[in-house]
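Worksheet: one structure, shown below.
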Protein chains: 2
Amino acid sequence: MSEPKENPLEKIASLCKRRGFIFQSSEIYGGINGFWDYGPLGAELKRNVKELWWQTMVLQRDDVAGLEATIIMHPGIWRASGHVDTFADAMIDCKTCKGRFRADQISEIPCPQKPSKKVSECAGEKTAPRAFNLMFKTCVGPVESEENVAYLRPETAQAIFAQFKNVLETSRQKVPFGIAQIGKAFRNEITPRNYTFRSREFEQMELEFFIRPDEVVEAVSGSVAAPVSKGHPGRPGADWGWQLWHQYWVEERIRFYGNIGLPRATLEEYWQSDQELAHYARATVDLLFKFPFGTQELEGIAARSDFDLSQHQRFSGKTMGVFDDELKAAWEKLPKERQDALWRRYYEHRKKYLARMGVAEEQAARTATDDANGLARGQYIPHVIEPSAGVDRLILALICHAYSEDQAPDEKGKLETRTVLRFHPRVAPIKAAVFPLLKNKPELVARALAVRDLLRPHMNVFYDEAGAIGRRYRRQDEIGTPFCLTIDFETLGEKGEALKDTVTLRDRDTMSQERIKIPELLSFLLSKIH
Amino acid sequence: MSEPKENPLEKIASLCKRRGFIFQSSEIYGGINGFWDYGPLGAELKRNVKELWWQTMVLQRDDVAGLEATIIMHPGIWRASGHVDTFADAMIDCKTCKGRFRADQISEIPCPQKPSKKVSECAGEKTAPRAFNLMFKTCVGPVESEENVAYLRPETAQAIFAQFKNVLETSRQKVPFGIAQIGKAFRNEITPRNYTFRSREFEQMELEFFIRPDEVVEAVSGSVAAPVSKGHPGRPGADWGWQLWHQYWVEERIRFYGNIGLPRATLEEYWQSDQELAHYARATVDLLFKFPFGTQELEGIAARSDFDLSQHQRFSGKTMGVFDDELKAAWEKLPKERQDALWRRYYEHRKKYLARMGVAEEQAARTATDDANGLARGQYIPHVIEPSAGVDRLILALICHAYSEDQAPDEKGKLETRTVLRFHPRVAPIKAAVFPLLKNKPELVARALAVRDLLRPHMNVFYDEAGAIGRRYRRQDEIGTPFCLTIDFETLGEKGEALKDTVTLRDRDTMSQERIKIPELLSFLLSKIH
């Protein structure tokens, strides 16, 4: 007998493997570190989460368009974004054991040759820390050469910036509007860990929401509305600057998590300090979740100024500016001193960006002048708010939050430990399980299959006839199915007319049972899962 | 003025770019050959197609489980599958211009230095043809070395084989059953061409449907049912061998295409000849579509025997066999001579496979004996039928098939050319467009927005108030929106009670208009798009 597992993450991983949520990639070949596959239930859970995100962020809004770009893109994109130069970890090589280690982890990681010592303590001679880029490299085309090097995208966001103008011109959107994308990204993490939390291949759900610079908001609306002191700022107004838009998206994202079963109380809102912010970021809020291995980031919502589009404009030589007829009309009507003041602020902002990017003073001043002159023609580069979520860590958070154990009576009334995944019905991989009371009664089986066929076009249902009803309930509890339906002799009308054409509806969380009429089943279940 | 484009593919590509279906990847950086992005409408079209495939192949069936595996897997998988050794094109280098060319294309491709001549005719000295593997390579982990090489999967199928046992053990399925997956795959094509048809990054929808070997079917059912001479073989029976299962899946796939707007008449069914078949394949049917650039494969449905699982068993050292209690029970009751005959056939099949894979005669005989002895214990390696479809080429086929031009009267009654994408409503990116007759009448706008909000939770709708109604219709025709709804003064009841609370429903294909009551709108539209 194996020891009881007391580490909650191990229990969860064990359940995920046993019930087909998550498998190690390439397991039969010994696995491959940092890669995880989703089994039948995991794939369904992931599909549900991605569909809900897409519905919320794209289809149920007027102001967001979707995109699906390739994983391999022109390497110029990663030079513009800074990933080629700076997306790196400092690494140290050991000349004795030939191992390579993250410089910030050598006092945690055991020496491969003398595992009793940490790498930092062992006798092996070490190199100085060297930058190691985290992007996976490959070559496109028949010749393996430097000029054919391409990268697997380390984030989906840059594709959105690169296609910004194409989407703007074809989608009939205008600023403020967003572009959303879901897709795989890859990071050659030195130390993948914490189960699926930090893996080398993962999926992102990213929105880039493009807004007017505050100078433009002020020119058009007369002033920029003040940020709210707390809570959701409500419906967007034309006078919203980046701060209100940022607050809005933080609150919208928290609302999304609440809708899929992670209420606000399960999240921690972490506002990065000025020291932590990336140089181009004006504010970043991390939404954290308390995983068994620590409180870690689920999503970051960053106000990224106009950094990304500006970089792509400089590196591609293509303009990323937009024309805004409201700005043009408003500008003409502004008093000269307002024009000058806004011009100056915009000029300073642009010049500061260019100087930080290493553009020589004089050139930066010239370019910033051109940029600020654009305002009068209704032209500017939009700023952006970026809510960026990781699908895999969200799936893990949902499973961790859903996981629970309680005591429930078995068939003989004896209490036993029940494992339950208390998923919100919206994300549960299976919405309802359908059981005939007995599998050797053809009338029960036929009726149960008919109920399954009634529901199946509308939701994922599972038919099960094997074993005692209590065991069938437990199997569904363990995979988070919110409702079980049992077809019995009452259903067939064999015990009188009163309960004819009703089934037993059993609730996963309360374990309570009630009778429900078959014709009412579909609308009842739909109301719970939508 | 540009010349009218007469090449139909150019017209289609131009529409796809103009309306946001398909963009060149990384266009602002000059693009990257063989990579294409999907814009807002293309992304939605693709989502619809993938969702319909998943519904049809997984959720609406009992016998298929889903999977979502990683793109980067253990390289051992590609040694087992044969891709490391044989997934290659023969290439020729020119020592003069340093170009590398596919050996079978040197008489088509112009010489880069003297484009008036083909490569085969130019004076440059050429190497002999050499194999060039089409898998994209990368390195996983901090050290770039041979032992860290990994590949981007060139197909999604192998992940299914590698996870076969995990899925079998966790999904409560038994043979016959299938595992389905949708996901990206990558091939470093030397000459990507025909728009999105042959690209380097693409998406597949693959099902591996595992069945009993015919010997097992015969042992359990007494005989193997004969294949049908034509058409759909109907509901699967326990006596189906690989031929009926293969026919079944060919017909199911043709039915799927019919359901999304590619009727049987648009497809060509091509049965590969014995010479064309891969060595392990027993039959392969290609479903072809007549693209503007030629009749080309949309999907292949292959009967792959037990080749794939057998290879993974040999390479991983893990058993890929299943235990089948019905076989075990049936075998015991078989007369000795039937047992011997089935044993012999299974033995010969297994030995032939092993010999073909280079296993020495004596070893092959020993292993095949073990394999055949397994039958009596209810054990065997399942065979597989593989319907494998390319998402991107299907999207292109749907657009090509939907594209049409006709003559329609403009606002003044003058005939003009109308471009229409006649998508099936099930796949159309936008299901209904909602227009207020005039944008400067707040009551019309409010009512139109209310109609949009009524429909939006159930389908993708688009609100448009810009321009004359005729132009708004044309814009929707061009992107394939099947229904347009106009809210006018009749809707408001300003022209009497009779048409109050009705809208004009305009049909994309017939251009006919009818009045429909708002409360009936949702169920009418749902009946068309489901």
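So you can find residues: chains in the structure tokens are A, B, ... in the order shown, residues in each start at 1, and ligands are numbered from 1 in order.
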
Give me, as CSV, each residue of chain A that comes within 6 Å of chain B, together with its shortest interatomic pair and the distance in Å at one decimal, counting only C-alpha atoms, with rows ordered by chain and rising residue number.
```
residue,atom,partner,partner_atom,distance
A:Arg19,CA,B:Thr170,CA,5.1
A:Gly20,CA,B:Thr170,CA,5.1
A:Ser26,CA,B:His74,CA,5.6
A:Ile28,CA,B:Ser316,CA,5.9
A:Tyr29,CA,B:Ser316,CA,5.5
A:Ile32,CA,B:His74,CA,5.6
A:Asp37,CA,B:Ala69,CA,4.3
A:Tyr38,CA,B:Glu68,CA,4.9
A:Gly39,CA,B:Leu67,CA,5.0
A:Pro40,CA,B:Gly66,CA,4.5
A:Ala43,CA,B:Glu68,CA,5.6
A:Ala65,CA,B:Pro40,CA,5.5
A:Gly66,CA,B:Pro40,CA,4.5
A:Leu67,CA,B:Gly39,CA,5.0
A:Glu68,CA,B:Tyr38,CA,4.9
A:Ala69,CA,B:Asp37,CA,4.3
A:Thr70,CA,B:Asp37,CA,5.8
A:Met73,CA,B:Ser26,CA,5.9
A:His74,CA,B:Ile32,CA,5.6
A:Lys137,CA,B:Thr138,CA,5.7
A:Thr138,CA,B:Thr138,CA,5.1
A:Thr170,CA,B:Arg19,CA,5.1
A:Ser316,CA,B:Tyr29,CA,5.5
```

Subject >> Residues flagged strand (DSSP E or B) by DSSP in segment 246-452 of chain B, as a ChimeraX atom specification >> reply: /B:267-271,283-291,294-303,322-323,379-380,383-390,403-409,415-421,432-436

Using C-alpha atoms, can you export the residues from the last selection as a PDB file, in the first residue's frame?
```pdb
ATOM      1  CA  LEU B 267     -15.915  16.459 -53.754  1.00  0.00           C
ATOM      2  CA  GLU B 268     -14.035  13.802 -55.597  1.00  0.00           C
ATOM      3  CA  GLU B 269     -13.391  10.472 -53.910  1.00  0.00           C
ATOM      4  CA  TYR B 270     -10.007   9.137 -54.871  1.00  0.00           C
ATOM      5  CA  TRP B 271      -9.084   5.599 -53.860  1.00  0.00           C
ATOM      6  CA  ALA B 283      -6.645   1.447 -48.156  1.00  0.00           C
ATOM      7  CA  THR B 284      -6.652   5.208 -48.373  1.00  0.00           C
ATOM      8  CA  VAL B 285      -9.359   7.431 -49.774  1.00  0.00           C
ATOM      9  CA  ASP B 286      -8.537  11.037 -50.529  1.00  0.00           C
ATOM     10  CA  LEU B 287     -11.408  13.481 -50.581  1.00  0.00           C
ATOM     11  CA  LEU B 288     -10.509  16.075 -53.193  1.00  0.00           C
ATOM     12  CA  PHE B 289     -11.892  19.509 -53.913  1.00  0.00           C
ATOM     13  CA  LYS B 290     -11.609  21.444 -57.145  1.00  0.00           C
ATOM     14  CA  PHE B 291      -9.575  24.494 -56.167  1.00  0.00           C
ATOM     15  CA  GLY B 294      -6.329  22.283 -59.424  1.00  0.00           C
ATOM     16  CA  THR B 295      -8.125  19.388 -57.796  1.00  0.00           C
ATOM     17  CA  GLN B 296      -6.413  18.784 -54.473  1.00  0.00           C
ATOM     18  CA  GLU B 297      -6.763  16.833 -51.262  1.00  0.00           C
ATOM     19  CA  LEU B 298      -8.941  18.117 -48.414  1.00  0.00           C
ATOM     20  CA  GLU B 299      -8.796  15.017 -46.286  1.00  0.00           C
ATOM     21  CA  GLY B 300      -7.377  11.513 -46.340  1.00  0.00           C
ATOM     22  CA  ILE B 301      -9.134   8.568 -44.741  1.00  0.00           C
ATOM     23  CA  ALA B 302      -6.617   5.805 -44.237  1.00  0.00           C
ATOM     24  CA  ALA B 303      -6.849   2.273 -42.913  1.00  0.00           C
ATOM     25  CA  VAL B 322      -5.565  -3.943 -25.054  1.00  0.00           C
ATOM     26  CA  PHE B 323      -7.413  -6.564 -23.098  1.00  0.00           C
ATOM     27  CA  GLN B 379      -4.995  -9.373 -26.003  1.00  0.00           C
ATOM     28  CA  TYR B 380      -4.129  -7.613 -29.243  1.00  0.00           C
ATOM     29  CA  HIS B 383      -5.950  -1.440 -35.848  1.00  0.00           C
ATOM     30  CA  VAL B 384      -6.841   2.077 -36.792  1.00  0.00           C
ATOM     31  CA  ILE B 385      -8.865   4.077 -39.302  1.00  0.00           C
ATOM     32  CA  GLU B 386      -7.645   7.650 -39.628  1.00  0.00           C
ATOM     33  CA  PRO B 387      -9.761  10.459 -41.094  1.00  0.00           C
ATOM     34  CA  SER B 388      -7.296  13.337 -41.246  1.00  0.00           C
ATOM     35  CA  ALA B 389      -8.434  16.774 -42.415  1.00  0.00           C
ATOM     36  CA  GLY B 390      -6.582  20.036 -42.915  1.00  0.00           C
ATOM     37  CA  TYR B 403     -17.358  32.869 -53.827  1.00  0.00           C
ATOM     38  CA  SER B 404     -19.689  34.035 -56.547  1.00  0.00           C
ATOM     39  CA  GLU B 405     -20.567  37.081 -58.546  1.00  0.00           C
ATOM     40  CA  ASP B 406     -23.951  37.979 -59.908  1.00  0.00           C
ATOM     41  CA  GLN B 407     -25.768  41.021 -61.196  1.00  0.00           C
ATOM     42  CA  ALA B 408     -27.966  42.981 -58.840  1.00  0.00           C
ATOM     43  CA  PRO B 409     -29.589  46.384 -59.084  1.00  0.00           C
ATOM     44  CA  LEU B 415     -27.401  46.496 -62.567  1.00  0.00           C
ATOM     45  CA  GLU B 416     -23.993  46.128 -60.975  1.00  0.00           C
ATOM     46  CA  THR B 417     -21.761  43.193 -60.167  1.00  0.00           C
ATOM     47  CA  ARG B 418     -22.412  41.818 -56.709  1.00  0.00           C
ATOM     48  CA  THR B 419     -19.803  39.717 -54.920  1.00  0.00           C
ATOM     49  CA  VAL B 420     -21.298  37.135 -52.582  1.00  0.00           C
ATOM     50  CA  LEU B 421     -19.809  34.516 -50.309  1.00  0.00           C
ATOM     51  CA  ALA B 432     -27.139  38.214 -38.987  1.00  0.00           C
ATOM     52  CA  ALA B 433     -26.516  41.913 -39.523  1.00  0.00           C
ATOM     53  CA  VAL B 434     -28.816  44.423 -37.852  1.00  0.00           C
ATOM     54  CA  PHE B 435     -29.454  47.839 -39.401  1.00  0.00           C
ATOM     55  CA  PRO B 436     -31.508  50.816 -38.354  1.00  0.00           C
TER      56      PRO B 436
END
```

Original post:
If you count only C-alpha atoms, which residues fall within 10 Å of segment 215-218 of chain A, apart from same-chain ones fewer than 3 positions away, as a ChimeraX atom specification?
Top reply: /A:211-212,221-225,238-242,324,326-328,330-331,338-339,341-346,375,378-380,382

Subject >> All alpha helix (DSSP H) positions in segment 356-502 of chain B, as number ranges by chain >> reply: B: 356, 361-374, 391-402, 442-455, 469-479, 489-492

**OP:** Show which residues sit within 12 Å of segment 121-129 of chain A, as a PyMOL selection string. Count only C-alpha atoms, and ignore same-chain residues fewer than 6 positions away.
**Re:** chain A and resi 88-115

Using N, CA, C and O atoms, can you write the selected residues to a file as an mmCIF file, in the first residue's frame?
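Now in selection.cif:
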```
data_model
loop_
_atom_site.group_PDB
_atom_site.id
_atom_site.type_symbol
_atom_site.label_atom_id
_atom_site.label_comp_id
_atom_site.auth_asym_id
_atom_site.auth_seq_id
_atom_site.Cartn_x
_atom_site.Cartn_y
_atom_site.Cartn_z
ATOM 1 N N ALA A 88 15.770 37.058 -21.667
ATOM 2 C CA ALA A 88 16.828 36.107 -21.348
ATOM 3 C C ALA A 88 16.937 35.928 -19.844
ATOM 4 O O ALA A 88 16.576 36.801 -19.064
ATOM 5 N N ASP A 89 17.430 34.760 -19.468
ATOM 6 C CA ASP A 89 17.801 34.508 -18.082
ATOM 7 C C ASP A 89 19.322 34.458 -18.008
ATOM 8 O O ASP A 89 19.980 33.995 -18.935
ATOM 9 N N ALA A 90 19.869 34.887 -16.886
ATOM 10 C CA ALA A 90 21.312 34.765 -16.688
ATOM 11 C C ALA A 90 21.615 33.330 -16.279
ATOM 12 O O ALA A 90 20.998 32.789 -15.367
ATOM 13 N N MET A 91 22.577 32.710 -16.981
ATOM 14 C CA MET A 91 22.898 31.301 -16.763
ATOM 15 C C MET A 91 24.360 31.154 -16.378
ATOM 16 O O MET A 91 25.216 31.922 -16.816
ATOM 17 N N ILE A 92 24.614 30.129 -15.590
ATOM 18 C CA ILE A 92 25.991 29.814 -15.193
ATOM 19 C C ILE A 92 26.279 28.379 -15.612
ATOM 20 O O ILE A 92 25.446 27.491 -15.399
ATOM 21 N N ASP A 93 27.427 28.162 -16.242
ATOM 22 C CA ASP A 93 27.836 26.804 -16.584
ATOM 23 C C ASP A 93 28.811 26.294 -15.535
ATOM 24 O O ASP A 93 29.633 27.050 -15.023
ATOM 25 N N CYS A 94 28.720 25.003 -15.253
ATOM 26 C CA CYS A 94 29.719 24.376 -14.391
ATOM 27 C C CYS A 94 30.692 23.632 -15.294
ATOM 28 O O CYS A 94 30.279 22.754 -16.056
ATOM 29 N N LYS A 95 31.969 24.000 -15.222
ATOM 30 C CA LYS A 95 32.954 23.372 -16.113
ATOM 31 C C LYS A 95 33.223 21.931 -15.720
ATOM 32 O O LYS A 95 33.695 21.134 -16.520
ATOM 33 N N THR A 96 32.903 21.571 -14.489
ATOM 34 C CA THR A 96 33.150 20.199 -14.037
ATOM 35 C C THR A 96 32.053 19.248 -14.515
ATOM 36 O O THR A 96 32.312 18.265 -15.191
ATOM 37 N N CYS A 97 30.799 19.573 -14.162
ATOM 38 C CA CYS A 97 29.722 18.630 -14.501
ATOM 39 C C CYS A 97 29.062 18.973 -15.825
ATOM 40 O O CYS A 97 28.188 18.251 -16.282
ATOM 41 N N LYS A 98 29.440 20.084 -16.459
ATOM 42 C CA LYS A 98 28.879 20.536 -17.743
ATOM 43 C C LYS A 98 27.410 20.947 -17.628
ATOM 44 O O LYS A 98 26.741 21.148 -18.636
ATOM 45 N N GLY A 99 26.909 21.034 -16.417
ATOM 46 C CA GLY A 99 25.522 21.469 -16.244
ATOM 47 C C GLY A 99 25.382 22.962 -16.492
ATOM 48 O O GLY A 99 26.350 23.719 -16.385
ATOM 49 N N ARG A 100 24.170 23.396 -16.850
ATOM 50 C CA ARG A 100 23.887 24.824 -17.012
ATOM 51 C C ARG A 100 22.728 25.175 -16.081
ATOM 52 O O ARG A 100 21.716 24.475 -16.079
ATOM 53 N N PHE A 101 22.879 26.232 -15.312
ATOM 54 C CA PHE A 101 21.910 26.547 -14.260
ATOM 55 C C PHE A 101 21.527 28.011 -14.291
ATOM 56 O O PHE A 101 22.344 28.867 -14.645
ATOM 57 N N ARG A 102 20.294 28.292 -13.882
ATOM 58 C CA ARG A 102 19.893 29.690 -13.758
ATOM 59 C C ARG A 102 20.667 30.332 -12.613
ATOM 60 O O ARG A 102 20.709 29.787 -11.510
ATOM 61 N N ALA A 103 21.263 31.483 -12.898
ATOM 62 C CA ALA A 103 22.135 32.129 -11.913
ATOM 63 C C ALA A 103 21.398 32.395 -10.602
ATOM 64 O O ALA A 103 21.964 32.279 -9.525
ATOM 65 N N ASP A 104 20.086 32.696 -10.706
ATOM 66 C CA ASP A 104 19.358 33.019 -9.480
ATOM 67 C C ASP A 104 18.888 31.775 -8.730
ATOM 68 O O ASP A 104 18.202 31.880 -7.729
ATOM 69 N N GLN A 105 19.250 30.584 -9.253
ATOM 70 C CA GLN A 105 18.774 29.361 -8.591
ATOM 71 C C GLN A 105 19.901 28.462 -8.101
ATOM 72 O O GLN A 105 19.635 27.362 -7.613
ATOM 73 N N ILE A 106 21.179 28.896 -8.247
ATOM 74 C CA ILE A 106 22.262 27.962 -7.916
ATOM 75 C C ILE A 106 22.327 27.620 -6.431
ATOM 76 O O ILE A 106 22.860 26.589 -6.064
ATOM 77 N N SER A 107 21.717 28.458 -5.618
ATOM 78 C CA SER A 107 21.737 28.073 -4.193
ATOM 79 C C SER A 107 20.532 27.230 -3.812
ATOM 80 O O SER A 107 20.375 26.820 -2.663
ATOM 81 N N GLU A 108 19.631 26.951 -4.803
ATOM 82 C CA GLU A 108 18.480 26.056 -4.540
ATOM 83 C C GLU A 108 18.675 24.676 -5.163
ATOM 84 O O GLU A 108 18.138 23.688 -4.692
ATOM 85 N N ILE A 109 19.374 24.635 -6.310
ATOM 86 C CA ILE A 109 19.419 23.411 -7.111
ATOM 87 C C ILE A 109 20.570 22.520 -6.653
ATOM 88 O O ILE A 109 21.689 22.995 -6.459
ATOM 89 N N PRO A 110 20.289 21.212 -6.476
ATOM 90 C CA PRO A 110 21.364 20.313 -6.067
ATOM 91 C C PRO A 110 22.367 20.087 -7.210
ATOM 92 O O PRO A 110 21.976 20.056 -8.377
ATOM 93 N N CYS A 111 23.611 19.918 -6.870
ATOM 94 C CA CYS A 111 24.655 19.605 -7.847
ATOM 95 C C CYS A 111 24.357 18.238 -8.461
ATOM 96 O O CYS A 111 24.085 17.275 -7.730
ATOM 97 N N PRO A 112 24.377 18.119 -9.783
ATOM 98 C CA PRO A 112 24.049 16.829 -10.414
ATOM 99 C C PRO A 112 25.018 15.723 -10.004
ATOM 100 O O PRO A 112 24.647 14.560 -9.956
ATOM 101 N N GLN A 113 26.269 16.098 -9.685
ATOM 102 C CA GLN A 113 27.229 15.054 -9.328
ATOM 103 C C GLN A 113 27.238 14.755 -7.830
ATOM 104 O O GLN A 113 27.439 13.613 -7.429
ATOM 105 N N LYS A 114 27.053 15.784 -7.025
ATOM 106 C CA LYS A 114 26.985 15.576 -5.566
ATOM 107 C C LYS A 114 25.690 16.172 -5.034
ATOM 108 O O LYS A 114 25.678 17.283 -4.507
ATOM 109 N N PRO A 115 24.603 15.442 -5.187
ATOM 110 C CA PRO A 115 23.284 16.019 -4.872
ATOM 111 C C PRO A 115 23.130 16.458 -3.415
ATOM 112 O O PRO A 115 22.186 17.152 -3.073
#
```

**OP:** Figure out the distance between atom CA of Leu499 of chain A and atom CA of Lys441 of chain A, please, to one decimal in Å.
**Re:**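 About the pair atom CA of Lys441 of chain A and atom CA of Leu499 of chain A: they are 18.6 Å apart.
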
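The protein and nucleic acid residues lying at most 10 Å from Thr502 of chain A are Leu485, Thr486, Ile487, Asp488, Phe489, Glu490, Thr491, Leu492, Gly493, Glu514, Arg515, Ile516, Lys517, Ile518, Pro519, Glu520 and Leu521 of chain A, with only C-alpha atoms considered and sequence neighbours fewer than 5 positions away removed.
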
Those residues with N, CA and C atoms, as a PDB file, in the first residue's frame please?
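Writing the result to out22.pdb gives the following:
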```
ATOM      1  N   LEU A 485     -28.574  12.373 -13.479  1.00  0.00           N
ATOM      2  CA  LEU A 485     -29.987  12.082 -13.721  1.00  0.00           C
ATOM      3  C   LEU A 485     -30.180  10.576 -13.719  1.00  0.00           C
ATOM      4  N   THR A 486     -31.055  10.101 -12.889  1.00  0.00           N
ATOM      5  CA  THR A 486     -31.296   8.661 -12.839  1.00  0.00           C
ATOM      6  C   THR A 486     -32.710   8.341 -13.328  1.00  0.00           C
ATOM      7  N   ILE A 487     -32.748   7.389 -14.238  1.00  0.00           N
ATOM      8  CA  ILE A 487     -34.015   6.910 -14.797  1.00  0.00           C
ATOM      9  C   ILE A 487     -34.349   5.612 -14.067  1.00  0.00           C
ATOM     10  N   ASP A 488     -35.519   5.586 -13.402  1.00  0.00           N
ATOM     11  CA  ASP A 488     -35.855   4.411 -12.595  1.00  0.00           C
ATOM     12  C   ASP A 488     -37.274   3.945 -12.915  1.00  0.00           C
ATOM     13  N   PHE A 489     -37.787   3.056 -12.089  1.00  0.00           N
ATOM     14  CA  PHE A 489     -39.106   2.492 -12.394  1.00  0.00           C
ATOM     15  C   PHE A 489     -40.217   3.524 -12.239  1.00  0.00           C
ATOM     16  N   GLU A 490     -39.990   4.526 -11.390  1.00  0.00           N
ATOM     17  CA  GLU A 490     -40.946   5.629 -11.318  1.00  0.00           C
ATOM     18  C   GLU A 490     -41.051   6.329 -12.673  1.00  0.00           C
ATOM     19  N   THR A 491     -39.890   6.541 -13.307  1.00  0.00           N
ATOM     20  CA  THR A 491     -39.873   7.207 -14.613  1.00  0.00           C
ATOM     21  C   THR A 491     -40.783   6.488 -15.604  1.00  0.00           C
ATOM     22  N   LEU A 492     -40.731   5.162 -15.557  1.00  0.00           N
ATOM     23  CA  LEU A 492     -41.508   4.364 -16.510  1.00  0.00           C
ATOM     24  C   LEU A 492     -42.992   4.331 -16.146  1.00  0.00           C
ATOM     25  N   GLY A 493     -43.321   4.840 -14.951  1.00  0.00           N
ATOM     26  CA  GLY A 493     -44.714   4.824 -14.529  1.00  0.00           C
ATOM     27  C   GLY A 493     -45.113   3.524 -13.877  1.00  0.00           C
ATOM     28  N   GLU A 514     -33.921  15.467  -6.205  1.00  0.00           N
ATOM     29  CA  GLU A 514     -35.325  15.849  -6.383  1.00  0.00           C
ATOM     30  C   GLU A 514     -35.825  15.223  -7.679  1.00  0.00           C
ATOM     31  N   ARG A 515     -37.129  15.168  -7.816  1.00  0.00           N
ATOM     32  CA  ARG A 515     -37.699  14.647  -9.066  1.00  0.00           C
ATOM     33  C   ARG A 515     -37.956  15.826  -9.986  1.00  0.00           C
ATOM     34  N   ILE A 516     -37.655  15.637 -11.259  1.00  0.00           N
ATOM     35  CA  ILE A 516     -37.922  16.690 -12.225  1.00  0.00           C
ATOM     36  C   ILE A 516     -38.552  16.050 -13.456  1.00  0.00           C
ATOM     37  N   LYS A 517     -39.508  16.765 -14.036  1.00  0.00           N
ATOM     38  CA  LYS A 517     -40.189  16.239 -15.222  1.00  0.00           C
ATOM     39  C   LYS A 517     -39.257  16.296 -16.425  1.00  0.00           C
ATOM     40  N   ILE A 518     -39.237  15.249 -17.212  1.00  0.00           N
ATOM     41  CA  ILE A 518     -38.335  15.197 -18.362  1.00  0.00           C
ATOM     42  C   ILE A 518     -38.514  16.403 -19.297  1.00  0.00           C
ATOM     43  N   PRO A 519     -39.744  16.816 -19.600  1.00  0.00           N
ATOM     44  CA  PRO A 519     -39.870  17.961 -20.505  1.00  0.00           C
ATOM     45  C   PRO A 519     -39.286  19.265 -19.936  1.00  0.00           C
ATOM     46  N   GLU A 520     -39.079  19.318 -18.606  1.00  0.00           N
ATOM     47  CA  GLU A 520     -38.513  20.534 -18.009  1.00  0.00           C
ATOM     48  C   GLU A 520     -37.001  20.479 -17.839  1.00  0.00           C
ATOM     49  N   LEU A 521     -36.442  19.307 -18.164  1.00  0.00           N
ATOM     50  CA  LEU A 521     -35.030  19.050 -17.882  1.00  0.00           C
ATOM     51  C   LEU A 521     -34.104  19.980 -18.655  1.00  0.00           C
TER      52      LEU A 521
END
```
